[in-house]
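Enquirer: Here you go, entry_24.cif (mmCIF, C-alpha atoms):
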data_run
loop_
_atom_site.label_atom_id
_atom_site.label_comp_id
_atom_site.auth_asym_id
_atom_site.auth_seq_id
_atom_site.Cartn_x
_atom_site.Cartn_y
_atom_site.Cartn_z
CA MET A 1 9.51 45.04 9.65
CA GLU A 2 9.87 48.71 10.46
CA SER A 3 10.02 51.01 7.48
CA LYS A 4 12.44 53.92 7.56
CA PRO A 5 12.25 57.13 5.58
CA LEU A 6 14.83 57.98 2.98
CA ALA A 7 17.21 60.57 4.43
CA ARG A 8 17.33 63.81 2.50
CA LEU A 9 20.79 65.26 2.10
CA ASP A 10 19.34 68.77 2.23
CA ASP A 11 17.25 68.14 5.36
CA PRO A 12 18.73 70.04 8.34
CA LEU A 13 16.30 68.22 10.63
CA ALA A 14 17.48 64.72 9.67
CA PRO A 15 19.35 64.15 12.96
CA ALA A 16 16.37 65.47 14.92
CA ARG A 17 14.04 63.10 13.06
CA GLU A 18 16.06 60.08 14.04
CA ALA A 19 16.54 61.29 17.61
CA ALA A 20 12.84 62.05 18.09
CA ALA A 21 11.82 58.69 16.66
CA GLU A 22 14.22 56.84 18.94
CA MET A 23 13.02 58.75 22.03
CA LEU A 24 9.39 57.90 21.18
CA ARG A 25 10.12 54.25 20.53
CA SER A 26 12.01 53.83 23.79
CA ARG A 27 10.02 56.09 26.14
CA GLN A 28 8.37 54.60 29.21
CA ARG A 29 4.66 53.93 28.74
CA ASN A 30 2.23 56.20 30.60
CA PHE A 31 4.97 58.69 31.45
CA SER A 32 5.32 62.26 30.26
CA LEU A 33 7.56 62.94 27.27
CA PRO A 34 11.32 63.49 27.33
CA GLN A 35 12.31 67.14 27.79
CA PRO A 36 13.12 67.98 24.13
CA PHE A 37 9.48 67.37 23.15
CA TYR A 38 8.50 70.35 25.28
CA ASN A 39 11.24 72.90 24.64
CA ASP A 40 13.58 72.01 21.77
CA GLU A 41 13.41 74.13 18.60
CA ARG A 42 14.21 71.18 16.34
CA VAL A 43 11.47 68.99 17.80
CA PHE A 44 9.09 71.93 17.55
CA ALA A 45 9.97 72.22 13.86
CA LEU A 46 9.12 68.53 13.50
CA ASP A 47 5.79 69.11 15.24
CA MET A 48 4.96 71.87 12.78
CA GLN A 49 5.98 69.78 9.77
CA GLU A 50 4.68 66.37 10.80
CA ILE A 51 1.69 67.15 13.02
CA PHE A 52 0.39 70.63 12.21
CA GLY A 53 1.53 70.27 8.61
CA LYS A 54 -0.17 66.90 8.01
CA GLU A 55 -3.16 66.48 10.33
CA TRP A 56 -6.63 68.01 10.12
CA LEU A 57 -6.75 71.23 12.17
CA PHE A 58 -9.75 73.09 13.55
CA ALA A 59 -9.65 76.54 11.93
CA GLY A 60 -13.01 78.21 12.64
CA MET A 61 -16.77 78.02 12.20
CA THR A 62 -18.72 78.18 8.96
CA SER A 63 -21.03 80.80 10.51
CA GLU A 64 -18.05 83.17 10.73
CA ILE A 65 -18.00 83.41 6.92
CA PRO A 66 -21.74 83.15 6.20
CA THR A 67 -22.08 84.64 2.71
CA LYS A 68 -20.20 85.00 -0.58
CA GLY A 69 -16.97 86.93 -0.14
CA ASN A 70 -16.72 86.57 3.64
CA PHE A 71 -13.23 85.45 4.60
CA MET A 72 -11.16 84.65 7.66
CA THR A 73 -7.44 84.03 8.02
CA VAL A 74 -5.44 81.71 10.23
CA GLU A 75 -1.68 81.31 10.71
CA ILE A 76 -0.40 77.72 10.94
CA GLY A 77 3.22 78.25 11.87
CA ASP A 78 4.83 80.00 8.91
CA ASN A 79 1.90 79.15 6.66
CA PRO A 80 -0.81 81.82 6.40
CA VAL A 81 -4.16 80.43 5.24
CA ILE A 82 -7.29 82.17 3.98
CA LEU A 83 -10.77 80.64 4.17
CA VAL A 84 -13.37 82.26 1.95
CA ARG A 85 -17.01 81.62 1.09
CA GLY A 86 -17.09 81.21 -2.69
CA ASN A 87 -19.64 82.07 -5.35
CA ASP A 88 -20.83 78.46 -5.07
CA GLY A 89 -21.60 78.87 -1.37
CA GLN A 90 -18.81 76.50 -0.37
CA VAL A 91 -15.88 77.23 1.93
CA HIS A 92 -12.60 77.34 -0.01
CA GLY A 93 -9.13 77.32 1.47
CA PHE A 94 -5.93 78.76 0.01
CA TYR A 95 -2.49 79.68 1.14
CA ASN A 96 -2.75 83.39 1.87
CA VAL A 97 0.19 84.01 -0.45
CA CYS A 98 0.15 85.97 -3.70
CA ARG A 99 1.61 84.08 -6.67
CA HIS A 100 3.47 87.20 -7.82
CA ARG A 101 6.14 87.80 -5.16
CA GLY A 102 4.64 86.05 -2.17
CA SER A 103 2.99 88.87 -0.24
CA ARG A 104 0.10 88.00 2.03
CA LEU A 105 -3.16 88.73 0.24
CA CYS A 106 -5.45 89.35 3.21
CA VAL A 107 -3.87 91.11 6.16
CA LYS A 108 -7.02 91.27 8.30
CA GLU A 109 -8.36 88.39 10.40
CA LYS A 110 -11.86 88.68 8.93
CA GLY A 111 -13.68 90.67 6.29
CA LYS A 112 -15.72 90.62 3.11
CA VAL A 113 -14.49 91.14 -0.45
CA ALA A 114 -15.74 90.91 -4.02
CA LYS A 115 -12.38 89.54 -5.19
CA LEU A 116 -9.10 88.72 -3.47
CA VAL A 117 -6.71 91.55 -4.30
CA CYS A 118 -3.05 91.61 -3.29
CA PRO A 119 -2.28 94.95 -1.59
CA TYR A 120 1.27 94.96 -3.00
CA HIS A 121 0.78 94.99 -6.79
CA GLN A 122 -2.99 94.45 -7.08
CA TRP A 123 -2.90 90.97 -8.58
CA THR A 124 -6.56 89.96 -8.40
CA TYR A 125 -8.02 86.51 -7.78
CA GLU A 126 -11.51 85.07 -8.01
CA LEU A 127 -13.01 83.60 -4.83
CA ASP A 128 -12.22 80.14 -6.21
CA GLY A 129 -8.52 81.03 -6.44
CA ARG A 130 -8.22 81.71 -10.18
CA LEU A 131 -5.94 84.60 -11.15
CA LEU A 132 -8.03 87.21 -12.99
CA PHE A 133 -5.66 90.18 -13.36
CA ALA A 134 -1.92 90.65 -13.19
CA GLY A 135 -1.46 94.00 -14.90
CA SER A 136 -0.37 94.63 -18.44
CA ASP A 137 3.36 94.30 -17.99
CA MET A 138 3.81 90.52 -17.53
CA GLY A 139 4.52 89.85 -21.20
CA GLU A 140 2.44 88.41 -23.99
CA ASN A 141 3.31 84.81 -23.07
CA PHE A 142 2.13 85.15 -19.46
CA ASP A 143 -0.60 82.59 -18.73
CA LEU A 144 -3.04 83.60 -15.98
CA ASN A 145 -4.15 79.97 -15.63
CA GLN A 146 -0.72 78.97 -14.32
CA TYR A 147 -0.79 81.34 -11.34
CA GLY A 148 -3.91 80.61 -9.35
CA LEU A 149 -3.72 80.54 -5.56
CA LYS A 150 -2.35 77.35 -4.08
CA PRO A 151 -5.20 75.42 -2.44
CA VAL A 152 -5.44 74.12 1.10
CA GLN A 153 -7.65 71.12 1.79
CA VAL A 154 -10.87 72.04 3.59
CA LYS A 155 -13.66 69.95 5.06
CA THR A 156 -16.68 71.05 7.08
CA GLY A 157 -19.05 69.29 9.43
CA GLY A 158 -21.51 70.43 12.08
CA GLY A 159 -20.50 74.05 11.51
CA PHE A 160 -16.79 73.34 12.05
CA ILE A 161 -14.13 74.14 9.45
CA PHE A 162 -11.09 71.86 9.35
CA VAL A 163 -8.03 72.44 7.18
CA SER A 164 -5.02 70.36 6.29
CA LEU A 165 -1.79 71.40 4.62
CA ALA A 166 -1.12 67.79 3.59
CA ASP A 167 -1.62 66.47 0.08
CA GLU A 168 -3.15 63.30 1.54
CA PRO A 169 -4.44 64.01 5.06
CA PRO A 170 -5.86 61.25 7.27
CA ALA A 171 -9.48 60.14 7.02
CA ILE A 172 -11.99 62.38 8.80
CA ASP A 173 -15.33 61.86 7.02
CA ASP A 174 -16.84 59.53 9.66
CA PHE A 175 -16.13 62.09 12.37
CA LEU A 176 -17.62 64.89 10.26
CA ALA A 177 -20.79 62.88 9.67
CA THR A 178 -21.11 62.35 13.43
CA LEU A 179 -20.61 66.08 14.03
CA GLU A 180 -23.40 66.80 11.57
CA HIS A 181 -25.72 64.43 13.43
CA TYR A 182 -24.90 65.62 16.95
CA LEU A 183 -25.01 69.31 16.08
CA ALA A 184 -28.05 69.26 13.80
CA PRO A 185 -30.36 70.45 16.63
CA TYR A 186 -28.09 73.48 17.12
CA ASP A 187 -28.52 74.71 13.51
CA MET A 188 -24.91 75.84 13.44
CA GLU A 189 -25.21 77.86 10.22
CA ASN A 190 -27.48 80.21 12.17
CA THR A 191 -25.08 81.02 14.99
CA LYS A 192 -22.74 83.94 15.56
CA VAL A 193 -19.68 84.68 17.66
CA ALA A 194 -20.88 86.70 20.65
CA VAL A 195 -17.47 86.98 22.32
CA GLU A 196 -13.93 86.04 21.30
CA SER A 197 -10.66 86.07 23.20
CA SER A 198 -7.08 85.05 22.44
CA ILE A 199 -4.30 84.57 24.94
CA VAL A 200 -0.66 83.64 24.40
CA GLU A 201 0.59 81.01 26.83
CA GLN A 202 4.34 80.81 27.40
CA CYS A 203 4.49 77.04 27.08
CA ASN A 204 4.64 74.26 24.54
CA TRP A 205 1.37 73.43 22.77
CA LYS A 206 1.38 69.88 24.13
CA LEU A 207 1.27 71.21 27.69
CA VAL A 208 -1.86 73.18 26.79
CA ILE A 209 -3.53 70.01 25.50
CA GLU A 210 -2.28 67.87 28.39
CA ASN A 211 -3.73 70.33 30.88
CA ASN A 212 -7.08 70.22 29.10
CA ARG A 213 -7.23 66.44 28.96
CA GLU A 214 -7.49 65.97 32.72
CA CYS A 215 -9.43 67.46 35.59
CA TYR A 216 -7.04 66.09 38.22
CA HIS A 217 -6.10 69.73 38.84
CA CYS A 218 -9.61 71.21 38.70
CA ASN A 219 -10.60 71.01 42.36
CA GLY A 220 -7.61 73.06 43.46
CA SER A 221 -7.52 75.45 40.53
CA HIS A 222 -10.93 76.19 38.95
CA PRO A 223 -13.54 77.37 41.48
CA GLU A 224 -15.53 79.28 38.83
CA LEU A 225 -15.66 76.30 36.46
CA LEU A 226 -16.71 73.90 39.18
CA ASN A 227 -19.82 75.97 39.85
CA SER A 228 -21.31 74.05 36.91
CA LEU A 229 -18.90 71.41 35.55
CA GLN A 230 -18.70 67.77 36.58
CA GLU A 231 -15.06 66.72 36.98
CA PHE A 232 -15.69 63.61 34.87
CA ASP A 233 -18.00 62.69 31.99
CA ASP A 234 -18.27 58.90 32.10
CA THR A 235 -20.22 56.64 34.48
CA ASP A 236 -17.37 54.10 34.18
CA ASP A 237 -15.02 56.63 35.78
CA PRO A 238 -13.93 55.20 39.17
CA ARG A 239 -14.74 58.58 40.74
CA ALA A 240 -18.36 58.44 39.55
CA THR A 241 -20.72 58.43 42.54
CA PRO A 242 -24.14 56.72 42.72
CA ALA A 243 -25.74 60.19 42.69
CA TYR A 244 -23.87 61.08 39.48
CA LYS A 245 -24.89 57.82 37.82
CA ALA A 246 -28.52 58.43 38.77
CA LEU A 247 -28.34 61.99 37.39
CA VAL A 248 -26.85 60.68 34.13
CA ALA A 249 -29.63 58.11 33.73
CA LYS A 250 -32.32 60.74 34.35
CA LYS A 251 -30.79 63.27 31.93
CA GLN A 252 -30.21 60.69 29.20
CA ALA A 253 -33.89 59.76 29.37
CA ASP A 254 -34.78 63.46 29.08
CA TRP A 255 -32.44 63.88 26.09
CA ASP A 256 -33.96 60.83 24.38
CA THR A 257 -37.38 62.45 24.75
CA LEU A 258 -36.01 65.66 23.23
CA GLN A 259 -34.31 63.65 20.45
CA VAL A 260 -30.93 65.10 21.31
CA PRO A 261 -27.96 62.73 20.76
CA TRP A 262 -25.86 61.94 23.82
CA GLN A 263 -24.04 58.61 23.31
CA LEU A 264 -20.26 58.48 23.69
CA GLN A 265 -18.53 58.31 20.31
CA ARG A 266 -14.82 57.74 19.76
CA PHE A 267 -12.74 57.83 16.59
CA GLY A 268 -9.49 56.31 17.73
CA LYS A 269 -7.71 58.62 20.13
CA ARG A 270 -8.10 61.72 17.91
CA ASN A 271 -11.82 62.47 18.30
CA ARG A 272 -14.29 62.02 21.12
CA LEU A 273 -17.88 63.21 21.60
CA THR A 274 -20.10 62.74 24.63
CA ARG A 275 -22.95 64.60 26.28
CA THR A 276 -22.74 64.73 30.06
CA PRO A 277 -24.81 66.53 32.70
CA LEU A 278 -23.60 69.63 34.39
CA LEU A 279 -24.00 69.78 38.16
CA ASP A 280 -27.55 69.05 39.23
CA GLY A 281 -29.47 72.32 38.92
CA ALA A 282 -26.95 73.96 36.53
CA VAL A 283 -27.81 74.35 32.84
CA SER A 284 -24.90 76.48 31.60
CA MET A 285 -21.24 77.23 32.30
CA THR A 286 -21.90 80.49 34.10
CA MET A 287 -21.10 81.76 37.56
CA ASP A 288 -24.55 80.77 38.85
CA GLY A 289 -25.26 77.88 36.46
CA LYS A 290 -28.15 79.76 34.84
CA PRO A 291 -28.41 80.41 31.10
CA ALA A 292 -26.01 82.99 29.67
CA CYS A 293 -28.34 83.58 26.73
CA GLN A 294 -32.12 83.66 26.92
CA LYS A 295 -32.50 82.63 23.27
CA LEU A 296 -31.63 78.96 22.89
CA MET A 297 -29.50 77.65 20.05
CA GLY A 298 -31.09 76.25 16.91
CA ARG A 299 -34.19 74.11 17.37
CA LEU A 300 -33.50 73.34 21.02
CA GLN A 301 -36.46 73.51 23.36
CA SER A 302 -34.70 73.15 26.71
CA PRO A 303 -31.59 74.77 28.17
CA ASP A 304 -30.97 71.68 30.33
CA LEU A 305 -28.84 69.71 27.88
CA GLY A 306 -25.68 69.35 29.94
CA SER A 307 -22.51 69.82 27.92
CA LEU A 308 -21.81 68.13 24.61
CA ARG A 309 -18.04 67.76 24.82
CA ILE A 310 -16.17 67.46 21.55
CA LEU A 311 -12.45 66.71 21.29
CA HIS A 312 -10.39 67.02 18.12
CA LEU A 313 -6.66 66.43 18.32
CA PRO A 314 -4.28 68.09 17.92
CA ASN A 315 -5.85 71.50 18.50
CA SER A 316 -9.42 71.77 19.77
CA TRP A 317 -11.86 71.01 22.57
CA ASN A 318 -15.44 72.29 22.77
CA HIS A 319 -18.53 72.56 24.99
CA PHE A 320 -22.06 72.85 23.55
CA MET A 321 -24.91 73.73 25.91
CA GLY A 322 -28.53 74.64 25.25
CA ASP A 323 -28.04 78.39 25.38
CA HIS A 324 -24.52 78.85 24.01
CA ALA A 325 -21.41 77.02 22.90
CA LEU A 326 -17.69 77.37 23.47
CA VAL A 327 -15.09 76.43 20.86
CA PHE A 328 -11.36 76.42 21.58
CA ARG A 329 -8.49 76.50 19.08
CA VAL A 330 -4.82 75.90 19.87
CA LEU A 331 -2.07 77.08 17.49
CA PRO A 332 1.65 76.78 18.29
CA LEU A 333 3.71 79.94 17.94
CA GLY A 334 7.08 78.59 19.11
CA PRO A 335 8.66 75.81 21.17
CA GLN A 336 7.42 77.51 24.34
CA GLN A 337 4.63 79.76 23.08
CA THR A 338 1.03 78.88 22.15
CA LEU A 339 -1.99 80.88 21.01
CA VAL A 340 -5.28 79.77 22.59
CA THR A 341 -8.46 81.25 21.07
CA THR A 342 -11.88 80.91 22.69
CA LYS A 343 -15.15 81.77 20.95
CA TRP A 344 -18.58 81.96 22.59
CA LEU A 345 -21.37 81.16 20.10
CA VAL A 346 -25.07 82.05 20.37
CA HIS A 347 -28.12 81.99 18.10
CA LYS A 348 -27.59 84.56 15.36
CA ASP A 349 -30.82 86.34 16.33
CA ALA A 350 -29.85 86.72 19.99
CA VAL A 351 -29.54 90.40 20.86
CA GLU A 352 -26.61 91.64 22.90
CA GLY A 353 -27.79 93.47 26.00
CA VAL A 354 -31.23 91.89 25.72
CA ASP A 355 -30.71 88.15 25.40
CA TYR A 356 -27.15 88.01 26.70
CA ASP A 357 -24.51 90.04 28.49
CA PRO A 358 -21.06 89.32 26.99
CA ALA A 359 -19.27 90.24 30.21
CA GLU A 360 -21.30 87.73 32.22
CA MET A 361 -21.13 85.07 29.51
CA ARG A 362 -17.33 85.02 29.45
CA LYS A 363 -16.58 85.21 33.19
CA VAL A 364 -16.18 81.49 33.87
CA TRP A 365 -13.90 80.69 30.96
CA ASP A 366 -11.92 83.92 31.15
CA ALA A 367 -11.04 82.91 34.69
CA THR A 368 -10.44 79.27 33.75
CA ASN A 369 -8.27 80.11 30.74
CA ASP A 370 -6.11 82.40 32.85
CA GLN A 371 -5.78 79.78 35.57
CA ASP A 372 -4.84 77.13 33.01
CA ARG A 373 -2.34 79.53 31.43
CA ARG A 374 -0.54 79.97 34.75
CA LEU A 375 -0.55 76.23 35.44
CA ALA A 376 0.86 75.39 32.01
CA GLU A 377 3.50 78.11 32.20
CA GLU A 378 4.69 76.87 35.59
CA ASN A 379 4.74 73.36 34.15
CA GLN A 380 6.96 74.65 31.33
CA ARG A 381 9.34 76.39 33.73
CA GLY A 382 9.82 73.19 35.69
CA ILE A 383 10.31 71.08 32.58
CA ASN A 384 13.07 73.43 31.43
CA SER A 385 15.11 72.56 34.52
CA GLN A 386 17.97 70.08 34.36
CA ALA A 387 16.17 68.27 37.18
CA TYR A 388 13.23 67.33 34.95
CA GLN A 389 12.68 63.74 33.97
CA PRO A 390 9.47 62.16 32.66
CA GLY A 391 6.96 61.44 35.42
CA PRO A 392 4.09 58.94 35.65
CA TYR A 393 0.53 59.80 34.66
CA SER A 394 -2.37 58.56 36.78
CA GLU A 395 -4.34 55.98 34.80
CA THR A 396 -7.37 56.89 36.94
CA TYR A 397 -7.30 60.67 36.63
CA GLU A 398 -5.11 61.29 33.57
CA PHE A 399 -6.24 58.65 31.09
CA GLY A 400 -7.10 61.45 28.65
CA VAL A 401 -3.53 62.73 28.82
CA ILE A 402 -2.20 59.22 28.23
CA ASP A 403 -4.43 58.88 25.18
CA PHE A 404 -3.26 62.25 23.82
CA ILE A 405 0.43 61.50 24.30
CA ASN A 406 0.00 58.05 22.77
CA TRP A 407 -1.84 59.58 19.80
CA TYR A 408 0.88 62.19 19.38
CA GLY A 409 3.64 59.59 19.52
CA GLU A 410 1.89 57.31 17.05
CA ARG A 411 1.18 60.11 14.57
CA LEU A 412 4.64 61.64 14.76
CA LEU A 413 6.32 58.27 14.26
CA GLU A 414 4.03 57.38 11.38
CA ASN A 415 4.45 60.76 9.70
CA LEU A 416 8.21 60.46 10.12
CA GLY A 417 8.01 57.12 8.32
CA HIS A 418 8.48 54.86 11.33
CA THR A 419 6.28 52.16 12.78
CA ALA A 420 4.86 53.07 16.18
CA PRO A 421 5.11 50.56 19.02
CA GLU A 422 1.73 49.12 20.00
CA LEU A 423 0.05 51.50 22.45
CA GLN A 424 -3.06 51.01 24.52
CA VAL A 425 -6.22 53.08 24.73
CA VAL A 426 -6.46 53.49 28.48
CA LYS A 427 -10.16 54.22 28.71
CA GLY A 428 -13.23 54.23 26.50
#
Transcribe the structure of this file into C-alpha cells.

Expert:
Amino acid sequence: MESKPLARLDDPLAPAREAAAEMLRSRQRNFSLPQPFYNDERVFALDMQEIFGKEWLFAGMTSEIPTKGNFMTVEIGDNPVILVRGNDGQVHGFYNVCRHRGSRLCVKEKGKVAKLVCPYHQWTYELDGRLLFAGSDMGENFDLNQYGLKPVQVKTGGGFIFVSLADEPPAIDDFLATLEHYLAPYDMENTKVAVESSIVEQCNWKLVIENNRECYHCNGSHPELLNSLQEFDDTDDPRATPAYKALVAKKQADWDTLQVPWQLQRFGKRNRLTRTPLLDGAVSMTMDGKPACQKLMGRLQSPDLGSLRILHLPNSWNHFMGDHALVFRVLPLGPQQTLVTTKWLVHKDAVEGVDYDPAEMRKVWDATNDQDRRLAEENQRGINSQAYQPGPYSETYEFGVIDFINWYGERLLENLGHTAPELQVVKG
C-alpha cells in the first residue's frame, strides 16, 4: 500500500507536493515531463528540497583543497557550503554560515586559512568546526561548545568530493569504492585544475542533464566534439558498427595489458562508469585528437586510453583521458536558470606553456558547452509555450534520458513520501 506523508500545516508547498506526485504517478512512460517540472517555481522549490537537498551532489575535487586550511565554497540553492581540509588531513564540510547572526564565513570561492573567521564580528572557528572565539561580551554563561558550525555530510572517492544536506542520504559507498579503483591509475590527489569555466544557462537544470544524456543531437550540433568522440559508448547500441566493435575489442585488450579498468559499471540509474574508445586515431578531446597535455596523468603510460565516462545524478558527468580529464558540475539557480561549471584537470607537475596550452585544451568543450547552452535554452523557450505537451523519447537514441527522468521521478516521489510506480531501466 502506498504510504503518504503527513501534511504540515505550515508547509506552503503542500499543494505542490501533492500535485507533483500525482503528475509523476500518472505521466506517460518514456515521454518528457509535464510543463511545470521545467518552469514552475513551486516544483523548482521541491527539486531543491527533495533532490538537491537530499541526494549526494558532486561539489569539487580533493586536489582543489590539497593541504591543511585550503577551502572551497559551493552554493546549493540558498544553502552556502564550505569544504575545508582539516588538521587531520580529511575534507570537512559545513554550512558556510556563522552561528552568531548568520553571516557567510567565507566569501571567496577558494583560499587558504589558519582558522575560519567570520568577517562580520570575527567569531573564529577551528577547521573542524569548533567555535574558538566569540569575543568577551557574550556573557559568563555563554558556552562555546554549543555554537560550532553546522556540519554537512561529506564523502570522497577517486578524487571526487560529494556532499549531502540530508541527515540520512542514500547509500553511495559502493560507487565510491568503484571510483577509487577506476581512478587509481590517475593518482587524483596529484592533479590540478588547469582551466575552469562557468556558464549560466537560461533553462531548467533537468534540460541540461537531458541534453547531456543523449547524443541524438550531436551530429547536427557538435562538429568540434565529433572530431574525437564516438556518438555511443556501448557495443550493444543498435548504431554500433562492425568497425566500432572491432575497435572496442582491440582497445579493451590494450587496456587489459596496461591494467587499466574499462568494464561497464552501473549503480541503479544514478551512477554509470564505462571506458570507451575515442575515434580511431584520436587520443584526446582536442580539435585534432592529439594530446592536450604532454605529461600524462598519474601512473599512466599511454595517452591512448579512450574516455572513461562517469555519470553521477543529479549533477555531474565526466570524461577521463590519458593526458587530461574533464569534470562537469550542474547547480540550479532558479526554475529556468542553471550554473554549469567545467574543470580541466592535468598532472600537478604539468607546466603551463610547456606541457599544455590552456587555450587549445579548452577549445572543444568551450564550443560544445556553448552549443549545448543554446540548444537547452531554445528547448526551454518552446516548453514555456502553451502549445507544449510531453513528447516521446527515442528508446534507441535517448535511453539515457529515459533513465534520468525515471530516476528523477522515482527519487522525487520517494523523497516526498510516495511509492514510485515500477519503472524500467531501458538499457544496460

Enquirer: To test your reading of the syntax: which residues would the PyMOL selection byres ((chain A and resi 337) around 8) return for the file shown? Reply as a list in words.

Expert: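 Residues picked by the PyMOL selection byres ((chain A and resi 337) around 8): Val200, Glu201, Gln202, Cys203, Asn204, Trp205, Pro332, Leu333, Gly334, Pro335, Gln336, Thr338 and Leu339 of chain A.
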
Enquirer: Give as a list in words the residues that the PyMOL selection byres ((chain A and resi 31) around 6) matches when applied to the coordinates above.

Expert: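 Residues picked by the PyMOL selection byres ((chain A and resi 31) around 6): Gln28, Arg29, Asn30, Ser32, Pro390, Gly391, Pro392 and Tyr393 of chain A.
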
Enquirer: Please provide the set of residues having any atom within 8 Å of Lys112 (chain A), restricted to all atoms listed in the file, with same-chain residues fewer than 5 positions apart removed, written as a ChimeraX atom specification.

Expert: /A:69-71

Enquirer: Identify which of the residues A:Pro261, A:Gly298, A:Pro36, A:Gly268 lies closest to Leu24 (chain A), counting all atoms listed in the file when measuring atom-to-atom distances.

Expert: A:Pro36

Enquirer: Rank A:Asp370, A:Glu214, A:Asp349, A:Glu41 by their smallest atom-to-atom distance to Thr396 (chain A), using all atoms listed in the file, and report the top residue only.

Expert: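 Among the listed residues, A:Glu214 lies closest to Thr396 (chain A).
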
Enquirer: Looking at A:Cys293, A:Ile383, A:Ile402, A:Ala21, which one is nearest to Val354 (chain A), with distances taken over all atoms listed in the file?

Expert: A:Cys293

Enquirer: Run the PyMOL selection byres ((chain A and resi 186-195) around 7) against the file shown and list the residues it catches, as a ChimeraX atom specification.

Expert: /A:62-64,158-159,183-185,196-197,297-300,343-348,358

Enquirer: Next, dump the selected residues to file, keeping only C-alpha atoms, as a PDB file, keeping the file's coordinate frame.

Expert:
ATOM      1  CA  THR A  62     -18.720  78.180   8.960  1.00  0.00           C
ATOM      2  CA  SER A  63     -21.030  80.800  10.510  1.00  0.00           C
ATOM      3  CA  GLU A  64     -18.050  83.170  10.730  1.00  0.00           C
ATOM      4  CA  GLY A 158     -21.510  70.430  12.080  1.00  0.00           C
ATOM      5  CA  GLY A 159     -20.500  74.050  11.510  1.00  0.00           C
ATOM      6  CA  LEU A 183     -25.010  69.310  16.080  1.00  0.00           C
ATOM      7  CA  ALA A 184     -28.050  69.260  13.800  1.00  0.00           C
ATOM      8  CA  PRO A 185     -30.360  70.450  16.630  1.00  0.00           C
ATOM      9  CA  GLU A 196     -13.930  86.040  21.300  1.00  0.00           C
ATOM     10  CA  SER A 197     -10.660  86.070  23.200  1.00  0.00           C
ATOM     11  CA  MET A 297     -29.500  77.650  20.050  1.00  0.00           C
ATOM     12  CA  GLY A 298     -31.090  76.250  16.910  1.00  0.00           C
ATOM     13  CA  ARG A 299     -34.190  74.110  17.370  1.00  0.00           C
ATOM     14  CA  LEU A 300     -33.500  73.340  21.020  1.00  0.00           C
ATOM     15  CA  LYS A 343     -15.150  81.770  20.950  1.00  0.00           C
ATOM     16  CA  TRP A 344     -18.580  81.960  22.590  1.00  0.00           C
ATOM     17  CA  LEU A 345     -21.370  81.160  20.100  1.00  0.00           C
ATOM     18  CA  VAL A 346     -25.070  82.050  20.370  1.00  0.00           C
ATOM     19  CA  HIS A 347     -28.120  81.990  18.100  1.00  0.00           C
ATOM     20  CA  LYS A 348     -27.590  84.560  15.360  1.00  0.00           C
ATOM     21  CA  PRO A 358     -21.060  89.320  26.990  1.00  0.00           C
TER      22      PRO A 358
END

Enquirer: Record the distance separating CA of Gly148 (chain A) and CA of Leu131 (chain A), expressed in Å with one decimal.

Expert: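 CA of Leu131 (chain A) lies 4.8 Å from CA of Gly148 (chain A).
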
Enquirer: Report as a ChimeraX atom specification all protein, DNA and RNA residues lying within 9 Å of Lys155 (chain A), evaluated on only C-alpha atoms, omitting residues in the same chain fewer than 3 positions from it.

Expert: /A:56,91,160-164,172-173,176

Enquirer: Keeping only C-alpha atoms, write those residues as a short mmCIF file (atom, residue, chain, number, x, y, z; two decimals), keeping the file's coordinate frame.

Expert:
data_model
loop_
_atom_site.label_atom_id
_atom_site.label_comp_id
_atom_site.auth_asym_id
_atom_site.auth_seq_id
_atom_site.Cartn_x
_atom_site.Cartn_y
_atom_site.Cartn_z
CA TRP A 56 -6.63 68.01 10.12
CA VAL A 91 -15.88 77.23 1.93
CA PHE A 160 -16.79 73.34 12.05
CA ILE A 161 -14.13 74.14 9.45
CA PHE A 162 -11.09 71.86 9.35
CA VAL A 163 -8.03 72.44 7.18
CA SER A 164 -5.02 70.36 6.29
CA ILE A 172 -11.99 62.38 8.80
CA ASP A 173 -15.33 61.86 7.02
CA LEU A 176 -17.62 64.89 10.26
#

Enquirer: Considering only C-alpha atoms, state which residue in the set A:Thr341, A:Asn211, A:Thr419, A:Asn384 is at the smallest distance from Glu22 (chain A).

Expert: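 Among the listed residues, the smallest separation from Glu22 (chain A) belongs to A:Thr419.
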